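Undergrad: Provided below: entry_10.txt, containing compact mmCIF, C-alpha atoms.
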# COMPACT_ATOMS: atom_id res chain seq x y z
CA MET A 1 -19.07 -27.04 -6.72
CA PRO A 2 -16.09 -24.73 -6.21
CA THR A 3 -13.07 -26.20 -4.40
CA PRO A 4 -12.58 -24.76 -0.89
CA ILE A 5 -8.94 -23.72 -0.48
CA ILE A 6 -6.73 -22.09 2.11
CA PHE A 7 -3.94 -20.14 0.42
CA ASP A 8 -0.75 -20.04 2.50
CA THR A 9 1.42 -17.21 1.25
CA ASP A 10 4.29 -14.72 1.75
CA PRO A 11 2.91 -12.05 -0.59
CA GLY A 12 5.55 -10.90 -2.93
CA VAL A 13 4.88 -10.18 -6.60
CA ASP A 14 4.06 -13.66 -7.90
CA ASP A 15 1.97 -14.38 -4.77
CA ALA A 16 -0.13 -11.32 -5.55
CA GLN A 17 -0.82 -12.64 -9.06
CA ALA A 18 -1.89 -16.01 -7.60
CA ILE A 19 -4.07 -14.36 -4.94
CA ALA A 20 -5.82 -12.47 -7.75
CA ILE A 21 -6.65 -15.84 -9.38
CA ALA A 22 -7.84 -17.32 -6.07
CA LEU A 23 -10.10 -14.29 -5.50
CA ALA A 24 -11.50 -14.29 -9.04
CA HIS A 25 -11.93 -17.87 -10.23
CA PRO A 26 -15.49 -19.20 -9.86
CA GLU A 27 -14.22 -22.74 -9.25
CA ILE A 28 -12.27 -21.62 -6.15
CA ASP A 29 -13.89 -20.93 -2.79
CA LEU A 30 -11.17 -19.01 -0.94
CA LEU A 31 -11.71 -19.79 2.75
CA GLY A 32 -8.82 -17.63 3.88
CA LEU A 33 -5.26 -16.44 3.43
CA THR A 34 -2.63 -17.59 5.93
CA THR A 35 0.61 -15.63 5.98
CA THR A 36 4.25 -16.54 6.51
CA PHE A 37 7.65 -14.87 6.40
CA GLY A 38 9.65 -15.51 3.22
CA ASN A 39 9.64 -12.97 0.41
CA VAL A 40 8.95 -10.38 3.14
CA THR A 41 8.68 -10.20 6.94
CA ILE A 42 5.55 -11.67 8.53
CA GLU A 43 4.15 -8.18 9.25
CA VAL A 44 4.52 -7.13 5.61
CA ALA A 45 3.10 -10.45 4.40
CA THR A 46 -0.04 -9.97 6.50
CA HIS A 47 -0.41 -6.33 5.40
CA ASN A 48 -0.14 -7.35 1.74
CA ALA A 49 -2.64 -10.18 2.09
CA LEU A 50 -5.18 -7.82 3.68
CA LEU A 51 -4.48 -5.17 1.04
CA LEU A 52 -4.91 -7.48 -1.95
CA ALA A 53 -8.27 -8.76 -0.68
CA GLU A 54 -9.42 -5.17 -0.03
CA LEU A 55 -8.35 -4.04 -3.50
CA ALA A 56 -10.42 -6.89 -4.93
CA GLY A 57 -13.41 -5.69 -2.90
CA GLN A 58 -13.63 -8.95 -0.97
CA SER A 59 -13.81 -9.81 2.70
CA ILE A 60 -11.44 -12.76 3.12
CA PRO A 61 -10.17 -13.92 6.52
CA VAL A 62 -6.40 -13.43 6.95
CA ALA A 63 -4.55 -15.35 9.68
CA GLN A 64 -0.95 -14.48 10.54
CA GLY A 65 1.51 -17.32 10.92
CA ALA A 66 5.20 -18.22 11.00
CA ALA A 67 7.56 -15.29 11.57
CA ALA A 68 10.78 -17.33 11.34
CA PRO A 69 12.06 -20.81 10.49
CA MET A 70 11.54 -23.70 12.92
CA VAL A 71 15.26 -24.34 13.50
CA LYS A 72 17.67 -22.48 11.26
CA HIS A 73 18.65 -18.82 11.40
CA LYS A 74 16.30 -16.59 9.38
CA ASN A 75 17.65 -15.20 6.10
CA PRO A 76 16.84 -11.55 5.35
CA PRO A 77 13.95 -11.09 2.86
CA PRO A 78 15.07 -10.77 -0.81
CA GLY A 79 14.31 -7.07 -1.25
CA HIS A 80 16.13 -6.98 -4.59
CA ILE A 81 13.58 -9.44 -6.06
CA HIS A 82 10.22 -8.37 -4.63
CA GLY A 83 11.05 -4.96 -3.17
CA GLU A 84 11.21 -4.13 0.53
CA ASN A 85 7.39 -3.98 0.69
CA GLY A 86 7.01 -7.19 -1.31
CA LEU A 87 5.21 -5.43 -4.15
CA GLY A 88 8.04 -3.79 -6.06
CA ASP A 89 8.35 -0.83 -3.66
CA ILE A 90 5.36 0.90 -5.26
CA SER A 91 3.30 3.21 -3.07
CA LEU A 92 0.42 1.29 -1.53
CA PRO A 93 -2.86 2.45 0.03
CA ASP A 94 -3.45 1.91 3.75
CA VAL A 95 -5.35 -1.17 4.83
CA THR A 96 -8.57 -0.81 6.81
CA THR A 97 -9.05 -4.47 7.81
CA GLN A 98 -7.22 -6.59 10.37
CA ALA A 99 -5.95 -10.13 10.63
CA LEU A 100 -7.81 -12.65 12.77
CA LYS A 101 -6.75 -13.15 16.38
CA GLN A 102 -6.30 -16.83 15.52
CA SER A 103 -2.91 -18.10 14.34
CA ALA A 104 -2.51 -19.40 10.80
CA ALA A 105 -1.92 -22.97 12.06
CA GLN A 106 -5.07 -22.92 14.20
CA PHE A 107 -7.09 -21.45 11.31
CA ILE A 108 -5.93 -24.31 9.05
CA VAL A 109 -6.81 -26.94 11.69
CA ASP A 110 -10.25 -25.44 12.38
CA GLN A 111 -11.21 -25.02 8.73
CA VAL A 112 -10.13 -28.54 7.76
CA ASN A 113 -11.93 -30.07 10.75
CA ALA A 114 -15.08 -28.15 9.85
CA ARG A 115 -15.06 -29.70 6.35
CA PRO A 116 -13.19 -33.01 6.51
CA GLY A 117 -12.27 -34.37 3.10
CA GLU A 118 -13.04 -31.11 1.28
CA VAL A 119 -10.32 -28.51 1.86
CA VAL A 120 -7.23 -28.13 -0.34
CA LEU A 121 -4.22 -26.40 1.24
CA VAL A 122 -2.25 -24.45 -1.35
CA ALA A 123 1.11 -23.36 0.08
CA VAL A 124 3.36 -21.03 -1.91
CA GLY A 125 5.83 -19.83 0.73
CA PRO A 126 8.02 -21.45 3.38
CA LEU A 127 6.07 -24.26 5.02
CA GLY A 128 6.07 -23.36 8.73
CA ASN A 129 2.29 -22.91 8.98
CA LEU A 130 1.54 -26.34 7.55
CA ALA A 131 4.17 -27.93 9.78
CA ALA A 132 2.67 -26.18 12.82
CA ALA A 133 -0.85 -27.26 11.82
CA LEU A 134 0.36 -30.88 11.62
CA GLN A 135 1.81 -30.51 15.10
CA LEU A 136 -1.52 -29.20 16.45
CA ASP A 137 -3.51 -31.95 14.73
CA PRO A 138 -1.57 -34.90 13.28
CA GLY A 139 -4.92 -36.24 12.02
CA LEU A 140 -4.93 -33.53 9.33
CA VAL A 141 -3.14 -35.98 7.04
CA ASP A 142 -6.40 -37.94 6.71
CA LYS A 143 -8.73 -34.92 6.68
CA VAL A 144 -7.38 -32.62 3.98
CA LYS A 145 -8.46 -33.29 0.43
CA ARG A 146 -5.01 -32.41 -0.91
CA VAL A 147 -1.93 -30.29 -0.26
CA VAL A 148 -0.42 -28.41 -3.21
CA VAL A 149 3.04 -26.95 -2.56
CA MET A 150 4.79 -24.49 -4.83
CA GLY A 151 8.39 -25.20 -3.98
CA GLY A 152 11.36 -27.39 -4.53
CA SER A 153 13.33 -28.45 -7.55
CA ILE A 154 14.13 -31.99 -8.63
CA ARG A 155 16.16 -31.70 -11.85
CA GLU A 156 16.13 -27.96 -12.49
CA GLY A 157 18.68 -26.92 -9.85
CA GLY A 158 18.05 -24.27 -7.23
CA ASN A 159 17.23 -20.58 -7.40
CA VAL A 160 18.83 -19.53 -4.09
CA THR A 161 21.58 -22.15 -3.82
CA PRO A 162 22.98 -24.48 -6.49
CA VAL A 163 20.39 -27.09 -5.45
CA ALA A 164 17.71 -25.42 -3.29
CA GLU A 165 14.54 -23.53 -4.19
CA ALA A 166 13.75 -20.51 -1.97
CA ASN A 167 10.63 -21.73 -0.14
CA ILE A 168 12.27 -24.99 0.90
CA PHE A 169 15.62 -23.35 1.75
CA ASN A 170 13.94 -20.72 3.95
CA ASP A 171 12.66 -23.41 6.32
CA PRO A 172 13.98 -26.86 5.39
CA HIS A 173 12.89 -28.47 8.68
CA ALA A 174 9.28 -27.39 8.12
CA ALA A 175 9.50 -28.51 4.49
CA ALA A 176 10.75 -31.95 5.56
CA LYS A 177 7.75 -32.36 7.87
CA VAL A 178 5.27 -31.25 5.21
CA LEU A 179 6.71 -33.03 2.16
CA GLU A 180 7.31 -36.27 4.06
CA ALA A 181 3.86 -36.36 5.73
CA SER A 182 1.39 -39.01 4.58
CA TRP A 183 -1.25 -36.66 3.15
CA PRO A 184 -2.13 -36.48 -0.57
CA LEU A 185 0.48 -34.04 -1.88
CA THR A 186 1.41 -32.42 -5.18
CA LEU A 187 4.70 -30.57 -5.57
CA VAL A 188 4.78 -27.83 -8.21
CA GLY A 189 8.43 -26.81 -8.30
CA LEU A 190 10.93 -25.11 -10.56
CA ASP A 191 10.94 -28.07 -12.99
CA ALA A 192 7.45 -26.88 -13.98
CA THR A 193 7.36 -23.17 -13.10
CA HIS A 194 10.52 -22.29 -15.03
CA ARG A 195 8.74 -23.44 -18.22
CA CYS A 196 6.20 -20.62 -17.80
CA VAL A 197 6.94 -16.97 -18.57
CA LEU A 198 4.34 -14.26 -18.03
CA ASP A 199 5.26 -11.78 -20.77
CA PRO A 200 4.59 -8.00 -20.67
CA GLN A 201 1.78 -8.15 -23.26
CA SER A 202 -0.09 -10.77 -21.22
CA MET A 203 0.41 -8.76 -18.05
CA ALA A 204 -0.97 -5.62 -19.71
CA ARG A 205 -4.21 -7.47 -20.53
CA ILE A 206 -4.55 -8.60 -16.92
CA VAL A 207 -3.92 -5.08 -15.60
CA ASP A 208 -6.65 -3.65 -17.84
CA ALA A 209 -9.19 -6.18 -16.57
CA GLN A 210 -8.44 -6.14 -12.85
CA GLY A 211 -9.22 -2.58 -11.73
CA ALA A 212 -7.54 -1.34 -8.54
CA LEU A 213 -5.96 -4.74 -7.96
CA GLY A 214 -4.69 -4.74 -11.54
CA LYS A 215 -2.84 -1.46 -10.98
CA VAL A 216 -0.84 -3.01 -8.11
CA LEU A 217 -0.23 -6.20 -10.11
CA GLY A 218 1.08 -4.20 -13.06
CA GLU A 219 3.34 -1.83 -11.13
CA SER A 220 4.85 -4.60 -8.99
CA TYR A 221 5.36 -6.78 -12.08
CA ALA A 222 7.59 -4.10 -13.61
CA PHE A 223 10.05 -4.41 -10.68
CA TYR A 224 10.00 -8.21 -10.79
CA ARG A 225 10.44 -8.26 -14.57
CA ASN A 226 13.60 -6.20 -14.18
CA PHE A 227 15.03 -8.79 -11.76
CA TYR A 228 14.22 -11.61 -14.20
CA GLN A 229 15.89 -9.82 -17.12
CA GLN A 230 19.10 -9.55 -15.10
CA ALA A 231 18.98 -12.97 -13.41
CA LEU A 232 17.67 -15.28 -16.15
CA GLY A 233 17.77 -13.12 -19.27
CA ILE A 234 14.03 -13.53 -19.91
CA ASP A 235 11.53 -10.77 -20.64
CA GLY A 236 8.78 -11.33 -18.12
CA CYS A 237 8.54 -13.35 -14.94
CA CYS A 238 7.85 -16.92 -13.92
CA PRO A 239 4.43 -16.90 -12.23
CA HIS A 240 5.60 -19.58 -9.77
CA ASP A 241 2.79 -19.32 -7.23
CA SER A 242 0.00 -19.12 -9.81
CA CYS A 243 1.20 -22.45 -11.20
CA ALA A 244 0.01 -24.19 -8.02
CA LEU A 245 -3.53 -22.97 -8.73
CA VAL A 246 -3.24 -23.80 -12.42
CA TRP A 247 -2.32 -27.38 -11.46
CA LEU A 248 -5.38 -27.55 -9.18
CA LEU A 249 -7.82 -26.62 -11.95
CA ARG A 250 -5.91 -27.72 -15.08
CA PRO A 251 -3.66 -30.66 -14.12
CA ASP A 252 -3.59 -31.68 -17.79
CA LEU A 253 -1.12 -28.81 -18.40
CA PHE A 254 1.56 -30.57 -16.29
CA SER A 255 3.45 -33.82 -16.55
CA VAL A 256 3.66 -35.58 -13.22
CA GLU A 257 5.77 -38.39 -11.77
CA ARG A 258 5.02 -40.28 -8.57
CA GLY A 259 7.79 -40.57 -6.04
CA TYR A 260 8.94 -40.27 -2.46
CA LEU A 261 10.07 -36.81 -1.37
CA SER A 262 12.68 -35.91 1.20
CA VAL A 263 14.40 -32.67 2.16
CA VAL A 264 18.03 -32.11 3.11
CA THR A 265 18.01 -30.03 6.31
CA ASP A 266 21.73 -29.37 6.93
CA GLY A 267 25.05 -28.88 5.20
CA LEU A 268 25.92 -27.63 1.74
CA ALA A 269 22.80 -29.14 0.17
CA GLU A 270 20.48 -27.62 2.82
CA GLY A 271 17.02 -27.11 1.35
CA GLN A 272 17.44 -29.54 -1.55
CA THR A 273 14.38 -31.61 -2.42
CA LEU A 274 15.07 -35.21 -3.35
CA MET A 275 12.63 -37.38 -5.24
CA ALA A 276 13.00 -41.15 -5.38
CA PRO A 277 10.77 -42.31 -8.26
CA GLU A 278 8.23 -44.93 -7.24
CA SER A 279 9.26 -46.94 -10.29
CA ARG A 280 12.89 -47.44 -9.19
CA GLU A 281 14.63 -49.42 -6.48
CA PHE A 282 17.69 -48.00 -4.75
CA VAL A 283 20.50 -49.62 -2.76
CA ASP A 284 18.54 -49.18 0.44
CA SER A 285 15.19 -47.79 1.50
CA ARG A 286 16.12 -44.49 3.11
CA TRP A 287 15.05 -42.41 0.09
CA SER A 288 11.70 -44.19 -0.15
CA GLN A 289 10.15 -43.51 3.26
CA GLY A 290 6.53 -42.57 3.93
CA SER A 291 4.01 -42.21 1.13
CA THR A 292 4.40 -41.16 -2.49
CA ALA A 293 3.54 -37.72 -3.83
CA ASP A 294 2.77 -36.32 -7.28
CA ILE A 295 5.69 -34.23 -8.52
CA CYS A 296 5.31 -31.89 -11.49
CA MET A 297 8.34 -32.46 -13.71
CA ASN A 298 7.29 -30.30 -16.65
CA ALA A 299 4.58 -27.90 -17.78
CA ASP A 300 3.02 -26.66 -20.98
CA GLY A 301 4.32 -23.12 -20.46
CA PRO A 302 2.24 -21.33 -23.11
CA GLY A 303 -0.85 -23.26 -22.02
CA VAL A 304 -0.34 -22.22 -18.40
CA ILE A 305 0.07 -18.55 -19.34
CA ASP A 306 -3.01 -18.66 -21.59
CA TRP A 307 -5.04 -20.08 -18.71
CA ILE A 308 -3.80 -17.40 -16.27
CA VAL A 309 -4.57 -14.59 -18.72
CA GLU A 310 -7.96 -16.03 -19.58
CA THR A 311 -8.82 -16.39 -15.88
CA LEU A 312 -7.80 -12.84 -14.96
CA THR A 313 -9.38 -11.18 -17.99
CA THR A 314 -12.66 -13.14 -17.90
CA HIS A 315 -13.29 -13.13 -14.15
CA THR A 316 -12.72 -9.96 -12.19
CA SER A 317 -12.54 -10.31 -8.45
CA HIS A 318 -15.53 -8.11 -7.53
With the file now loaded, output its structure as structure tokens.

TA:
Amino acid sequence: MPTPIIFDTDPGVDDAQAIAIALAHPEIDLLGLTTTFGNVTIEVATHNALLLAELAGQSIPVAQGAAAPMVKHKNPPPGHIHGENGLGDISLPDVTTQALKQSAAQFIVDQVNARPGEVVLVAVGPLGNLAAALQLDPGLVDKVKRVVVMGGSIREGGNVTPVAEANIFNDPHAAAKVLEASWPLTLVGLDATHRCVLDPQSMARIVDAQGALGKVLGESYAFYRNFYQQALGIDGCCPHDSCALVWLLRPDLFSVERGYLSVVTDGLAEGQTLMAPESREFVDSRWSQGSTADICMNADGPGVIDWIVETLTTHTSH
């Protein structure tokens, strides 16, 4: 049976690649896309989610969510990384579909309650929608099958501050609520995603296989690749958000440690994710609150890329 998932996203370039996987893979039943600010504004995120589903020829519910962080001041979207339109500033067709009237948080609550114990929440942007869903229904912690978060960094260092990864930094208060909640959680952060590089040859194969959606994936990738060449000196891009889906279907490609997660919400280290390994004792218990999570500390980079390419060349989204 395919796994029912809700994909919570701020569609920039790597989100679009992951959405293509979620739309195409026969082992995934995509219940809906919920959108958040992050790589782009909330309006652009919702537009892109609708567009990507339309390009794939699928009718997928899209629910609009968090427009800003819970507490902190909103940072401007990183236009230099994903483009002002989130997809490398390429020209995009108009969308003909609309988002649901329902909020993202309410959509999450309703879908999980309709299928208790079955739904996996995969969140690849700032975590406001999951935090809001928890506020609407604290019982979600016992009703979701699992939460998979692309975000955070334990040993790798940050990508927007010396210590913070972008999704967590964009809304650290929401991240604290989500990562410290007592639901079954897997964190797929930079420790794993930075091991994976989607090279131009692999991308070309995906573009050829994916039709109208492939054209957008390919053109937006070119913009993102340029950023990566300048920022990290690599030829390609890290398919961060796709890694969350790879973990879901191929956990053997990751090495995982169990530990307690916490998030720094203020000060110089704002947005840092801390992991206290379950196997260690510390001077006091404040780092070891709540329940343990699975944290991806490494990945088989080539294996992950092979799986992504195989998925998107074998299964088209139609």

Undergrad: Give as JSON, numbers by chain the set of residues within 9 Å of the point (16.7, -14.6, -0.9), where distances use the file's coordinates and only C-alpha atoms.

TA: {"A": [38, 39, 75, 76, 77, 78, 79, 80, 81, 159, 160, 166, 170]}

Undergrad: What is the atom CA of Glu43 of chain A to atom CA of Lys177 of chain A distance in Å?

TA: 24.5 Å

Undergrad: Could you check which of A:Ser255, A:Thr313, A:Thr41, A:Asn129 is closest to Glu84 of chain A, using all atoms listed in the file?

TA: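 Smallest distance to Glu84 of chain A is found for A:Thr41.
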
Undergrad: Which of these, A:Val62, A:Cys237, A:Ala68, A:Leu245, has the shortest distance to Gln102 of chain A once you count only C-alpha atoms?

TA: A:Val62

Undergrad: Using only C-alpha atoms, find the one residue out of A:Val263, A:Arg205, A:Gly65, A:Asp199 that sits nearest to Asp235 of chain A.

TA: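 Looking only at the distances to Asp235 of chain A, the closest residue turns out to be A:Asp199.
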
Undergrad: Could you check the closest approach to Val216 of chain A for each of A:Ala269, A:Ala104, A:Ala16, A:Ile6 and tell me which residue wins, using all atoms listed in the file?

TA: A:Ala16

Undergrad: Taking all atoms listed in the file into account, which of A:Pro2, A:Gly158, A:Gly214, A:Pro138 comes nearest Val120 of chain A?

TA: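 When distances to Val120 of chain A are compared using all atoms listed in the file, the smallest one comes from A:Pro2.
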
Undergrad: For each of A:Thr316, A:Leu33, A:Lys74, A:Gly152, take the minimum atom-to-atom distance to Ala212 of chain A, counting all atoms listed in the file, then give the residue where this is smallest.

TA: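 Selected residue with least distance to Ala212 of chain A: A:Thr316.
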
Undergrad: Name the residues within 12 Å of (24.2, -24.8, -7.4), counting all atoms listed in the file in the file's coordinates, and put them as a PyMOL selection string.

TA: chain A and resi 153+155-165+268-272

Undergrad: Could you name the residues that touch Val197 of chain A at 9 Å or less, counting only C-alpha atoms, but leaving out those on the same chain fewer than 6 positions away, as a PyMOL selection string?

TA: chain A and resi 234-239+301-302+304-305

Undergrad: List the neighbours of Val13 of chain A out to 8 Å using all atoms listed in the file; skip same-chain residues closer than 3 positions along the sequence, and give me the result as an NGL selection string.

TA: :A and (16-17 or 82 or 86-88 or 217 or 220-221 or 224)

Undergrad: Any idea what the distance is between atom CA of Ser291 of chain A and atom CA of Val149 of chain A?

TA: 15.7 Å

Undergrad: Which polymer residues have any atom within 8 Å of an atom of segment 274-285 of chain A, counting all atoms listed in the file, with same-chain residues fewer than 6 positions away left out, as a ChimeraX atom specification?

TA: /A:154,257-264,292

Undergrad: Just so I have it separately, write segment 100-144 of chain A from the block I sent, keeping C-alpha atoms, as a PDB file, in the first residue's frame.

TA:
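Below is the file that was written, result13.pdb:
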ATOM      1  CA  LEU A 100      -8.630  25.273  -0.785  1.00  0.00           C
ATOM      2  CA  LYS A 101     -10.562  27.655   1.452  1.00  0.00           C
ATOM      3  CA  GLN A 102      -9.225  25.640   4.391  1.00  0.00           C
ATOM      4  CA  SER A 103      -5.980  26.680   6.088  1.00  0.00           C
ATOM      5  CA  ALA A 104      -2.946  24.415   5.890  1.00  0.00           C
ATOM      6  CA  ALA A 105      -3.105  23.679   9.637  1.00  0.00           C
ATOM      7  CA  GLN A 106      -6.780  22.696   9.458  1.00  0.00           C
ATOM      8  CA  PHE A 107      -6.118  20.536   6.388  1.00  0.00           C
ATOM      9  CA  ILE A 108      -3.369  18.681   8.280  1.00  0.00           C
ATOM     10  CA  VAL A 109      -5.624  18.147  11.321  1.00  0.00           C
ATOM     11  CA  ASP A 110      -8.569  16.931   9.228  1.00  0.00           C
ATOM     12  CA  GLN A 111      -6.532  14.555   7.071  1.00  0.00           C
ATOM     13  CA  VAL A 112      -4.719  12.995  10.029  1.00  0.00           C
ATOM     14  CA  ASN A 113      -7.962  12.579  11.988  1.00  0.00           C
ATOM     15  CA  ALA A 114      -9.584  10.932   8.968  1.00  0.00           C
ATOM     16  CA  ARG A 115      -6.798   8.306   8.874  1.00  0.00           C
ATOM     17  CA  PRO A 116      -5.322   7.986  12.372  1.00  0.00           C
ATOM     18  CA  GLY A 117      -2.035   6.121  12.444  1.00  0.00           C
ATOM     19  CA  GLU A 118      -1.545   6.278   8.670  1.00  0.00           C
ATOM     20  CA  VAL A 119      -0.460   9.753   7.550  1.00  0.00           C
ATOM     21  CA  VAL A 120       3.172  10.886   7.317  1.00  0.00           C
ATOM     22  CA  LEU A 121       3.795  14.641   7.439  1.00  0.00           C
ATOM     23  CA  VAL A 122       6.817  15.600   5.340  1.00  0.00           C
ATOM     24  CA  ALA A 123       7.845  19.196   6.062  1.00  0.00           C
ATOM     25  CA  VAL A 124      10.555  20.853   3.980  1.00  0.00           C
ATOM     26  CA  GLY A 125      10.098  24.542   4.815  1.00  0.00           C
ATOM     27  CA  PRO A 126       9.740  26.614   7.982  1.00  0.00           C
ATOM     28  CA  LEU A 127       7.538  24.735  10.436  1.00  0.00           C
ATOM     29  CA  GLY A 128       4.681  27.158  11.172  1.00  0.00           C
ATOM     30  CA  ASN A 129       1.958  24.948   9.679  1.00  0.00           C
ATOM     31  CA  LEU A 130       2.898  21.940  11.792  1.00  0.00           C
ATOM     32  CA  ALA A 131       3.147  24.105  14.905  1.00  0.00           C
ATOM     33  CA  ALA A 132      -0.304  25.580  14.167  1.00  0.00           C
ATOM     34  CA  ALA A 133      -1.758  22.110  13.560  1.00  0.00           C
ATOM     35  CA  LEU A 134      -0.422  20.998  16.957  1.00  0.00           C
ATOM     36  CA  GLN A 135      -2.094  24.008  18.524  1.00  0.00           C
ATOM     37  CA  LEU A 136      -5.441  23.123  16.886  1.00  0.00           C
ATOM     38  CA  ASP A 137      -5.172  19.464  17.907  1.00  0.00           C
ATOM     39  CA  PRO A 138      -2.497  18.531  20.463  1.00  0.00           C
ATOM     40  CA  GLY A 139      -3.621  14.901  20.025  1.00  0.00           C
ATOM     41  CA  LEU A 140      -1.920  14.838  16.608  1.00  0.00           C
ATOM     42  CA  VAL A 141       1.228  13.605  18.337  1.00  0.00           C
ATOM     43  CA  ASP A 142      -0.465  10.224  18.839  1.00  0.00           C
ATOM     44  CA  LYS A 143      -2.309  10.147  15.497  1.00  0.00           C
ATOM     45  CA  VAL A 144       0.350  10.802  12.862  1.00  0.00           C
TER      46      VAL A 144
END
